[in-house]
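Student: Input structure: input_33.cif, which contains mmCIF, C-alpha atoms and all ligand atoms.
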```cif
data_upload
loop_
_atom_site.label_atom_id
_atom_site.label_comp_id
_atom_site.auth_asym_id
_atom_site.auth_seq_id
_atom_site.Cartn_x
_atom_site.Cartn_y
_atom_site.Cartn_z
CA MET A 292 0.00 0.00 0.00
CA SER A 293 1.37 3.44 -0.87
CA ALA A 294 1.18 6.36 1.55
CA ILE A 295 0.27 8.81 -1.22
CA SER A 296 -0.99 7.82 -4.64
CA ILE A 297 -1.62 10.49 -7.25
CA ASN A 298 -3.02 9.64 -10.66
CA LYS A 299 -3.53 12.02 -13.56
CA ILE A 300 -4.10 15.04 -11.37
CA ASN A 301 -4.95 18.28 -13.15
CA LYS A 302 -5.56 21.62 -11.52
CA THR A 303 -6.76 24.77 -13.25
CA TYR A 304 -7.51 27.88 -11.23
CA PRO A 305 -10.62 29.44 -12.77
CA GLY A 306 -10.79 33.15 -13.66
CA VAL A 307 -10.89 35.53 -16.60
CA THR A 308 -7.60 33.96 -17.67
CA PRO A 309 -7.66 30.45 -16.14
CA VAL A 310 -4.30 29.26 -14.80
CA ARG A 311 -3.36 25.69 -15.63
CA ALA A 312 -1.24 24.99 -12.58
CA LEU A 313 -0.85 21.19 -12.82
CA GLU A 314 -1.09 18.82 -15.76
CA ASP A 315 -1.35 15.03 -15.55
CA ILE A 316 0.62 14.56 -12.37
CA ASP A 317 1.39 10.93 -11.48
CA LEU A 318 3.27 10.29 -8.28
CA THR A 319 3.48 7.49 -5.72
CA ILE A 320 5.04 7.81 -2.30
CA ASN A 321 5.77 4.75 -0.15
CA PRO A 322 5.22 4.70 3.61
CA GLY A 323 8.27 6.14 5.35
CA GLU A 324 9.71 7.62 2.16
CA PHE A 325 11.25 11.10 2.13
CA VAL A 326 10.26 12.78 -1.12
CA ALA A 327 11.28 16.23 -2.34
CA LEU A 328 9.28 18.19 -4.87
CA LEU A 329 11.80 20.44 -6.59
CA GLY A 330 11.22 23.15 -9.16
CA PRO A 331 11.29 26.86 -9.91
CA SER A 332 8.84 29.29 -8.38
CA GLY A 333 5.38 29.03 -9.96
CA CYS A 334 5.70 25.43 -11.23
CA GLY A 335 2.86 24.20 -9.02
CA LYS A 336 4.67 22.68 -6.02
CA SER A 337 2.47 24.39 -3.41
CA THR A 338 -0.63 23.66 -5.45
CA LEU A 339 0.17 19.94 -5.37
CA LEU A 340 0.92 20.06 -1.64
CA ASN A 341 -2.33 21.94 -1.00
CA LEU A 342 -4.30 19.32 -2.92
CA ILE A 343 -2.78 16.54 -0.79
CA ALA A 344 -3.44 18.58 2.37
CA GLY A 345 -7.08 18.94 1.29
CA PHE A 346 -6.95 22.77 1.15
CA GLU A 347 -7.74 22.77 -2.59
CA LYS A 348 -9.69 20.46 -4.91
CA ALA A 349 -8.23 18.97 -8.11
CA THR A 350 -9.95 19.73 -11.41
CA SER A 351 -9.59 16.05 -12.35
CA GLY A 352 -7.69 12.94 -11.36
CA THR A 353 -7.46 10.82 -8.23
CA LEU A 354 -5.54 11.48 -5.07
CA LEU A 355 -5.36 8.87 -2.32
CA VAL A 356 -3.66 9.09 1.07
CA ASN A 357 -3.46 5.68 2.78
CA ASN A 358 -5.83 4.41 0.08
CA LYS A 359 -8.54 6.93 0.97
CA PRO A 360 -9.57 9.79 -1.34
CA VAL A 361 -8.66 13.20 0.09
CA GLN A 362 -11.83 15.24 0.70
CA LYS A 363 -10.70 17.81 3.26
CA PRO A 364 -7.83 18.56 5.66
CA GLY A 365 -7.26 15.93 8.36
CA PRO A 366 -4.90 15.23 11.28
CA GLU A 367 -3.29 12.28 9.48
CA ARG A 368 -1.74 14.86 7.11
CA GLY A 369 0.28 17.41 9.07
CA VAL A 370 1.34 20.57 7.28
CA VAL A 371 4.39 22.71 8.05
CA PHE A 372 4.65 26.07 6.28
CA GLN A 373 7.46 28.58 5.91
CA GLU A 374 6.29 30.41 9.04
CA ALA A 375 5.09 28.40 12.02
CA ALA A 376 1.80 30.11 12.89
CA LEU A 377 2.15 29.77 16.65
CA PHE A 378 -0.21 31.34 19.15
CA PRO A 379 1.88 34.24 20.47
CA TRP A 380 0.21 34.24 23.89
CA LEU A 381 0.83 30.50 24.49
CA ASN A 382 4.19 29.10 25.53
CA VAL A 383 5.98 26.27 23.68
CA TRP A 384 4.31 23.51 25.68
CA GLU A 385 0.86 25.08 25.35
CA ASN A 386 1.29 25.56 21.59
CA VAL A 387 2.17 21.88 21.17
CA ALA A 388 -0.63 20.73 23.51
CA PHE A 389 -3.25 22.91 21.80
CA GLY A 390 -4.10 20.47 18.97
CA PRO A 391 -4.70 17.36 21.09
CA LYS A 392 -6.66 19.47 23.62
CA VAL A 393 -8.98 20.82 20.92
CA ALA A 394 -9.37 17.25 19.62
CA GLY A 395 -10.80 16.43 23.05
CA LYS A 396 -7.85 14.40 24.34
CA SER A 397 -7.00 14.34 28.03
CA LYS A 398 -3.52 15.35 29.14
CA SER A 399 -2.59 11.74 29.96
CA GLU A 400 -3.33 10.78 26.33
CA TYR A 401 -1.00 13.31 24.71
CA GLU A 402 1.54 14.25 27.39
CA ASP A 403 4.09 11.49 26.73
CA ARG A 404 4.05 11.90 22.97
CA ALA A 405 4.24 15.70 23.20
CA MET A 406 7.24 15.47 25.57
CA GLU A 407 8.95 12.99 23.24
CA MET A 408 8.40 15.21 20.20
CA LEU A 409 9.69 18.25 22.10
CA GLU A 410 12.71 16.19 23.10
CA ILE A 411 13.59 15.05 19.57
CA THR A 412 13.17 18.58 18.23
CA GLY A 413 15.53 19.88 20.91
CA LEU A 414 12.95 21.96 22.76
CA SER A 415 12.83 20.29 26.19
CA ALA A 416 14.59 23.25 27.84
CA PHE A 417 12.23 25.81 26.30
CA LEU A 418 8.77 24.62 27.32
CA LYS A 419 7.91 27.86 29.13
CA HIS A 420 9.24 30.20 26.44
CA LEU A 421 6.81 32.33 24.46
CA PRO A 422 7.22 32.38 20.64
CA VAL A 423 8.51 35.97 20.80
CA GLN A 424 11.43 34.73 22.92
CA LEU A 425 12.48 32.19 20.27
CA SER A 426 14.56 32.48 17.09
CA GLY A 427 13.01 31.70 13.69
CA GLY A 428 14.61 28.24 13.69
CA MET A 429 13.29 27.48 17.17
CA ARG A 430 9.79 28.57 16.16
CA GLN A 431 9.94 26.18 13.20
CA ARG A 432 10.97 23.42 15.61
CA VAL A 433 7.82 24.12 17.63
CA GLY A 434 5.79 23.96 14.40
CA ILE A 435 7.30 20.55 13.63
CA ALA A 436 6.86 19.24 17.20
CA ARG A 437 3.23 20.39 17.13
CA VAL A 438 2.45 18.46 13.93
CA LEU A 439 4.33 15.36 15.13
CA THR A 440 2.41 15.39 18.41
CA LEU A 441 -0.82 15.01 16.45
CA GLY A 442 0.59 11.70 15.18
CA SER A 443 0.28 12.61 11.49
CA GLU A 444 1.28 9.70 9.26
CA VAL A 445 2.24 12.05 6.45
CA LEU A 446 4.17 15.30 6.86
CA LEU A 447 3.65 17.91 4.14
CA MET A 448 6.35 20.57 4.34
CA ASP A 449 6.15 23.66 2.11
CA GLU A 450 9.56 25.38 2.02
CA PRO A 451 9.72 25.10 5.83
CA PHE A 452 13.24 26.52 6.06
CA GLY A 453 12.86 29.10 3.30
CA ALA A 454 12.77 32.10 5.62
CA LEU A 455 15.76 31.08 7.75
CA ASP A 456 19.35 32.30 7.45
CA ALA A 457 21.81 29.90 5.79
CA GLN A 458 23.39 28.64 9.04
CA THR A 459 20.09 27.98 10.79
CA ARG A 460 18.77 26.36 7.65
CA LEU A 461 21.61 23.81 7.68
CA SER A 462 21.04 22.93 11.30
CA MET A 463 17.29 22.57 10.69
CA GLN A 464 17.98 20.23 7.78
CA GLU A 465 20.13 18.06 10.07
CA LEU A 466 17.45 18.19 12.74
CA LEU A 467 14.80 17.07 10.27
CA LEU A 468 17.01 14.18 9.11
CA SER A 469 17.45 13.02 12.70
CA VAL A 470 13.68 13.34 13.42
CA TRP A 471 12.90 11.36 10.26
CA HIS A 472 15.40 8.64 11.22
CA LYS A 473 13.70 8.25 14.58
CA LEU A 474 10.08 8.31 13.40
CA ARG A 475 10.19 7.28 9.72
CA THR A 476 7.18 9.44 8.97
CA THR A 477 6.38 9.80 5.26
CA ILE A 478 7.52 13.27 4.21
CA LEU A 479 6.70 15.35 1.13
CA PHE A 480 9.05 18.33 1.17
CA VAL A 481 8.60 21.24 -1.24
CA THR A 482 11.72 23.23 -2.09
CA HIS A 483 13.38 25.17 -4.89
CA ASP A 484 16.83 24.51 -3.38
CA ILE A 485 18.66 21.65 -5.15
CA ASP A 486 21.14 21.08 -2.27
CA GLU A 487 18.30 20.80 0.22
CA ALA A 488 16.45 18.28 -1.96
CA ILE A 489 19.53 16.07 -2.43
CA LEU A 490 20.58 16.21 1.22
CA LEU A 491 17.14 15.26 2.55
CA ALA A 492 15.30 13.08 0.09
CA ASP A 493 15.22 9.46 -1.01
CA THR A 494 13.44 10.51 -4.17
CA ILE A 495 13.30 13.87 -5.93
CA TYR A 496 10.54 14.78 -8.35
CA VAL A 497 11.75 17.65 -10.54
CA MET A 498 8.88 19.79 -11.82
CA SER A 499 8.74 22.02 -14.88
CA ALA A 500 6.54 25.08 -15.16
CA ARG A 501 3.49 26.20 -17.13
CA PRO A 502 1.67 23.96 -16.85
CA GLY A 503 3.33 22.24 -13.90
CA LYS A 504 4.43 18.73 -14.79
CA ILE A 505 6.74 16.13 -13.32
CA ALA A 506 9.81 16.36 -15.54
CA THR A 507 11.97 13.67 -13.89
CA LYS A 508 12.05 11.30 -10.96
CA ILE A 509 15.47 10.89 -9.36
CA THR A 510 16.51 8.33 -6.78
CA VAL A 511 19.21 9.90 -4.60
CA PRO A 512 22.15 7.47 -4.51
CA ILE A 513 23.69 8.81 -1.29
CA ASP A 514 23.89 6.55 1.77
CA ARG A 515 22.18 7.38 5.01
CA PRO A 516 22.60 8.63 7.63
CA ARG A 517 23.55 11.88 5.90
CA THR A 518 25.12 15.00 7.34
CA ILE A 519 25.90 18.47 6.00
CA GLU A 520 29.40 17.19 5.09
CA ASP A 521 27.79 15.01 2.40
CA THR A 522 27.01 18.18 0.44
CA THR A 523 30.73 18.51 -0.41
CA THR A 524 31.24 15.02 -1.85
CA GLU A 525 31.71 14.23 -5.54
CA ALA A 526 28.59 12.03 -5.60
CA PHE A 527 26.54 14.99 -4.30
CA ASN A 528 28.00 17.47 -6.75
CA SER A 529 27.63 15.23 -9.77
CA LEU A 530 23.93 14.69 -8.95
CA LYS A 531 23.56 18.44 -8.49
CA ARG A 532 25.10 19.05 -11.93
CA GLU A 533 22.73 16.51 -13.47
CA ILE A 534 19.67 18.16 -11.90
CA LEU A 535 20.84 21.63 -12.94
CA LYS A 536 21.18 20.40 -16.50
CA GLN A 537 17.66 18.99 -16.43
CA ILE A 538 16.20 22.17 -14.96
CA ARG A 539 17.90 24.29 -17.67
CA HIS A 540 16.73 21.85 -20.32
P1 LIG B 601 5.11 27.05 -6.62
O1 LIG B 601 4.71 26.53 -5.29
O2 LIG B 601 5.90 26.06 -7.41
O3 LIG B 601 5.81 28.38 -6.54
P2 LIG B 601 2.26 27.51 -7.02
O4 LIG B 601 1.64 26.17 -6.81
O5 LIG B 601 2.20 28.47 -5.89
O6 LIG B 601 3.78 27.30 -7.50
O7 LIG B 601 1.61 28.21 -8.30
C1 LIG B 601 1.47 27.53 -9.56
C2 LIG B 601 0.74 28.46 -10.52
O8 LIG B 601 -0.61 28.61 -10.10
C3 LIG B 601 1.33 29.86 -10.58
O9 LIG B 601 1.23 30.33 -11.89
C4 LIG B 601 0.44 30.65 -9.63
O10 LIG B 601 0.39 32.01 -10.00
C5 LIG B 601 -0.90 29.97 -9.83
N1 LIG B 601 -1.77 30.02 -8.62
C6 LIG B 601 -1.47 29.54 -7.39
N2 LIG B 601 -2.51 29.72 -6.54
C7 LIG B 601 -3.50 30.34 -7.27
C8 LIG B 601 -4.81 30.79 -6.96
N3 LIG B 601 -5.34 30.64 -5.74
N4 LIG B 601 -5.51 31.39 -7.95
C9 LIG B 601 -5.00 31.55 -9.20
N5 LIG B 601 -3.76 31.13 -9.55
C10 LIG B 601 -3.01 30.53 -8.60
#
```
Would you write the structure of this file as structure tokens?

Tutor:
Amino acid sequence: MSAISINKINKTYPGVTPVRALEDIDLTINPGEFVALLGPSGCGKSTLLNLIAGFEKATSGTLLVNNKPVQKPGPERGVVFQEAALFPWLNVWENVAFGPKVAGKSKSEYEDRAMEMLEITGLSAFLKHLPVQLSGGMRQRVGIARVLTLGSEVLLMDEPFGALDAQTRLSMQELLLSVWHKLRTTILFVTHDIDEAILLADTIYVMSARPGKIATKITVPIDRPRTIEDTTTEAFNSLKREILKQIRH
């Protein structure tokens, strides 16, 4: 059974001049797979992620998550955006506990998992901090811990590190790799950064623009566990050159 199965998905945004954002997208993601969706701005990456999240409806085609058609957003699909929209008046612990509380869970049902997710995202020492007291990278960690606490089987990440400075971005990429190694959650990660896609993913789908199509599927031949140092190896650079060539083409 695949975690995400997408068949002949088309999406056109209606309007005076309709925008054909996605054309005949086919894509299958296995449980526990880390997939990057890579392509230039405007090629339809966010549109595809929003369809899987249930925020938008496809014009045609089928889209299954765990063999069920996506009708609307649901807790089994956790979404992480570029900015973690945290409640500014709630501290780290309260932000992470908010979802399970609203879902009607008692503290004993979510406390252990929430503590574990805060631990693996390196936030255990910051439970009482308010978002305003945290750096951008730390706020993104809270956003990730919050989604993981809900127990989502699929993580949909839309340029989650796009607003961070280069140094913080690298450490967040390593953090995400270590979280994924521990939990093996299925991840679909949208990025326009080739290095980020190669470092993180098992499989990269390269998209081309207007209308957005899958141009190539690439299996990343770099062993795991990976670290930032892998980005300087010949294997990494030769794959990067190949992807650059395809994107130019
Ligand atoms: P990406 O994430 O790769 O930058 P998007 O999925 O955001 O690309 O956008 C794909 C195309 O669809 C773009 O041409 C964009 O302008 C258009 N688009 C995105 N959202 C809407 C919308 N709500 N209404 C009309 N056009 C949209």

Student: Taking only C-alpha atoms and all ligand atoms and a cut-off of 12 Å, can you tell me which residues surround ligand LIG 601 (chain B), written as number ranges by chain?

Tutor: A: 301-314, 328-342, 346-348, 372-373, 448-450, 480-484, 497-505

Student: Report, in Å to a single decimal, how far apart CA of Gly323 (chain A) and CA of Ile478 (chain A) are.

Tutor: 7.3 Å

Student: Quick one: residues within 9 Å of region 400-405 of chain A, only C-alpha atoms counted, chain neighbours fewer than 3 positions away excluded, as a list in words?

Tutor: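 Once the nearby chain positions are removed, what remains is Trp384, Val387, Ala388, Pro391, Lys392, Lys396, Ser397, Met408, Leu409, Glu410, Ala436, Arg437, Leu439, Thr440, Leu441 and Gly442 of chain A.
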
Student: Taking into account only C-alpha atoms, which residue in the set A:Leu418, A:Ile485, A:Val445, A:Met429 is nearest to Leu466 (chain A)?

Tutor: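 Smallest separation from Leu466 (chain A) among the options: A:Met429.
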
Student: Rounded to one decimal, what separation in Å do you get between CA of Glu520 (chain A) and CA of Leu425 (chain A)?

Tutor: 27.2 Å

Student: Can you pull out every residue within 6 Å of region 357-368 of chain A, counting all atoms listed in the file, but drop anything in the same chain fewer than 3 positions away, and send it as a list in words?

Tutor: Ala294, Ala344, Gly345, Leu354, Ser443, Glu444, Val445 and Leu446 of chain A

Student: Taking only C-alpha atoms into account, which of A:Leu479, A:Glu487, A:Val393, A:Ile411 comes nearest Ile343 (chain A)?

Tutor: A:Leu479

Student: Determine the nearest neighbour of Val470 (chain A) from the options A:Ile513, A:Leu491, A:Ala506, A:Ile297, counting only C-alpha atoms.

Tutor: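 When distances to Val470 (chain A) are compared using only C-alpha atoms, the smallest one comes from A:Leu491.
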
Student: Residues within 7 Å of Lys508 (chain A), please, as an MDAnalysis selection string. Count only C-alpha atoms; anything in the same chain fewer than 5 positions from it doesn't count.

Tutor: chainID A and resid 494:497

Student: Which distance in Å separates CA of Lys299 (chain A) and CA of Val326 (chain A), to one decimal?

Tutor: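 Interatomic distance here is 18.6 Å.
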
Student: Given 8 Å on each side, where is the centre and what are the edge lengths in Å to one decimal of the axis-aligned box enclosing the listed atoms of region 469-483 of chain A, as JSON?

Tutor:
```
{"center_x": 11.9, "center_y": 16.2, "center_z": 4.8, "size_x": 27.1, "size_y": 33.9, "size_z": 35.5}
```

Student: Between A:Val433, A:Ala349, A:Val356, A:Thr477, which is the closest to Glu385 (chain A) once you count all atoms listed in the file?

Tutor: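 Ranked by minimum distance to Glu385 (chain A), first place goes to A:Val433.
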
Student: Between A:Ser293, A:Glu324, A:Thr523, A:Asn382, which has the minimum distance to Thr510 (chain A) (counting all atoms listed in the file)?

Tutor: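 The shortest atom-to-atom distance to Thr510 (chain A) comes from A:Glu324.
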
Student: Which neighbours of Thr518 (chain A) fall inside 12 Å, counting all atoms listed in the file, when residues of the same chain fewer than 2 positions from it are skipped, and could you give them as a list in words?

Tutor: Leu461, Ser462, Met463, Gln464, Glu465, Leu466, Leu467, Leu468, Ser469, Glu487, Ile489, Leu490, Leu491, Ile513, Asp514, Arg515, Pro516, Glu520, Asp521, Thr522, Thr523, Thr524 and Phe527 of chain A

Student: Taking the structure in the block just given, could you write region 358-369 of chain A with all heavy atoms, as a compact mmCIF listing (two decimals), in the first residue's frame?

Tutor:
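decode-v3.txt, freshly written:
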```txt
# COMPACT_ATOMS: atom_id res chain seq x y z
N ASN A 358 -4.74 5.04 0.87
CA ASN A 358 -5.83 4.41 0.08
C ASN A 358 -7.18 5.09 0.19
O ASN A 358 -8.16 4.56 -0.31
CB ASN A 358 -5.99 2.92 0.46
CG ASN A 358 -5.13 2.04 -0.42
OD1 ASN A 358 -4.34 2.56 -1.24
ND2 ASN A 358 -5.27 0.75 -0.28
N LYS A 359 -7.26 6.23 0.86
CA LYS A 359 -8.54 6.93 0.97
C LYS A 359 -8.48 8.23 0.17
O LYS A 359 -7.49 8.97 0.24
CB LYS A 359 -8.85 7.26 2.43
CG LYS A 359 -9.23 6.03 3.23
CD LYS A 359 -9.75 6.46 4.60
CE LYS A 359 -9.34 5.47 5.67
NZ LYS A 359 -8.15 5.82 6.43
N PRO A 360 -9.56 8.54 -0.59
CA PRO A 360 -9.57 9.79 -1.34
C PRO A 360 -9.52 10.99 -0.39
O PRO A 360 -10.16 10.97 0.68
CB PRO A 360 -10.92 9.78 -2.07
CG PRO A 360 -11.47 8.40 -1.91
CD PRO A 360 -10.80 7.76 -0.75
N VAL A 361 -8.75 11.99 -0.76
CA VAL A 361 -8.66 13.20 0.09
C VAL A 361 -9.88 14.08 -0.19
O VAL A 361 -10.16 14.44 -1.33
CB VAL A 361 -7.36 13.98 -0.24
CG1 VAL A 361 -7.37 15.35 0.43
CG2 VAL A 361 -6.15 13.18 0.18
N GLN A 362 -10.64 14.39 0.85
CA GLN A 362 -11.83 15.24 0.70
C GLN A 362 -11.62 16.60 1.36
O GLN A 362 -12.15 17.61 0.92
CB GLN A 362 -13.07 14.61 1.37
CG GLN A 362 -13.26 13.12 1.06
CD GLN A 362 -14.00 12.89 -0.24
OE1 GLN A 362 -14.13 13.81 -1.04
NE2 GLN A 362 -14.46 11.67 -0.47
N LYS A 363 -10.89 16.59 2.47
CA LYS A 363 -10.70 17.81 3.26
C LYS A 363 -9.43 17.65 4.12
O LYS A 363 -8.90 16.54 4.20
CB LYS A 363 -11.93 18.07 4.12
CG LYS A 363 -12.29 16.92 5.02
CD LYS A 363 -13.52 17.26 5.84
CE LYS A 363 -13.86 16.15 6.73
NZ LYS A 363 -14.40 15.67 7.64
N PRO A 364 -9.00 18.71 4.79
CA PRO A 364 -7.83 18.56 5.66
C PRO A 364 -8.10 17.55 6.79
O PRO A 364 -9.25 17.36 7.18
CB PRO A 364 -7.63 19.96 6.24
CG PRO A 364 -8.34 20.88 5.29
CD PRO A 364 -9.48 20.09 4.74
N GLY A 365 -7.07 16.89 7.27
CA GLY A 365 -7.26 15.93 8.36
C GLY A 365 -5.97 15.76 9.14
O GLY A 365 -4.88 16.04 8.62
N PRO A 366 -6.09 15.31 10.41
CA PRO A 366 -4.90 15.23 11.28
C PRO A 366 -3.87 14.20 10.83
O PRO A 366 -2.72 14.25 11.25
CB PRO A 366 -5.50 14.84 12.65
CG PRO A 366 -6.83 14.24 12.33
CD PRO A 366 -7.31 14.87 11.06
N GLU A 367 -4.27 13.27 9.95
CA GLU A 367 -3.29 12.28 9.48
C GLU A 367 -2.33 12.90 8.48
O GLU A 367 -1.33 12.30 8.10
CB GLU A 367 -4.00 11.03 8.91
CG GLU A 367 -4.67 11.18 7.55
CD GLU A 367 -5.96 12.00 7.59
OE1 GLU A 367 -6.41 12.38 8.69
OE2 GLU A 367 -6.50 12.30 6.52
N ARG A 368 -2.64 14.13 8.02
CA ARG A 368 -1.74 14.86 7.11
C ARG A 368 -1.35 16.17 7.79
O ARG A 368 -2.13 17.11 7.80
CB ARG A 368 -2.45 15.16 5.78
CG ARG A 368 -2.53 13.96 4.85
CD ARG A 368 -3.65 14.11 3.85
NE ARG A 368 -4.94 13.96 4.49
CZ ARG A 368 -5.99 14.75 4.27
NH1 ARG A 368 -5.93 15.74 3.43
NH2 ARG A 368 -7.12 14.53 4.91
N GLY A 369 -0.16 16.20 8.38
CA GLY A 369 0.28 17.41 9.07
C GLY A 369 1.01 18.33 8.11
O GLY A 369 1.79 17.87 7.28
```
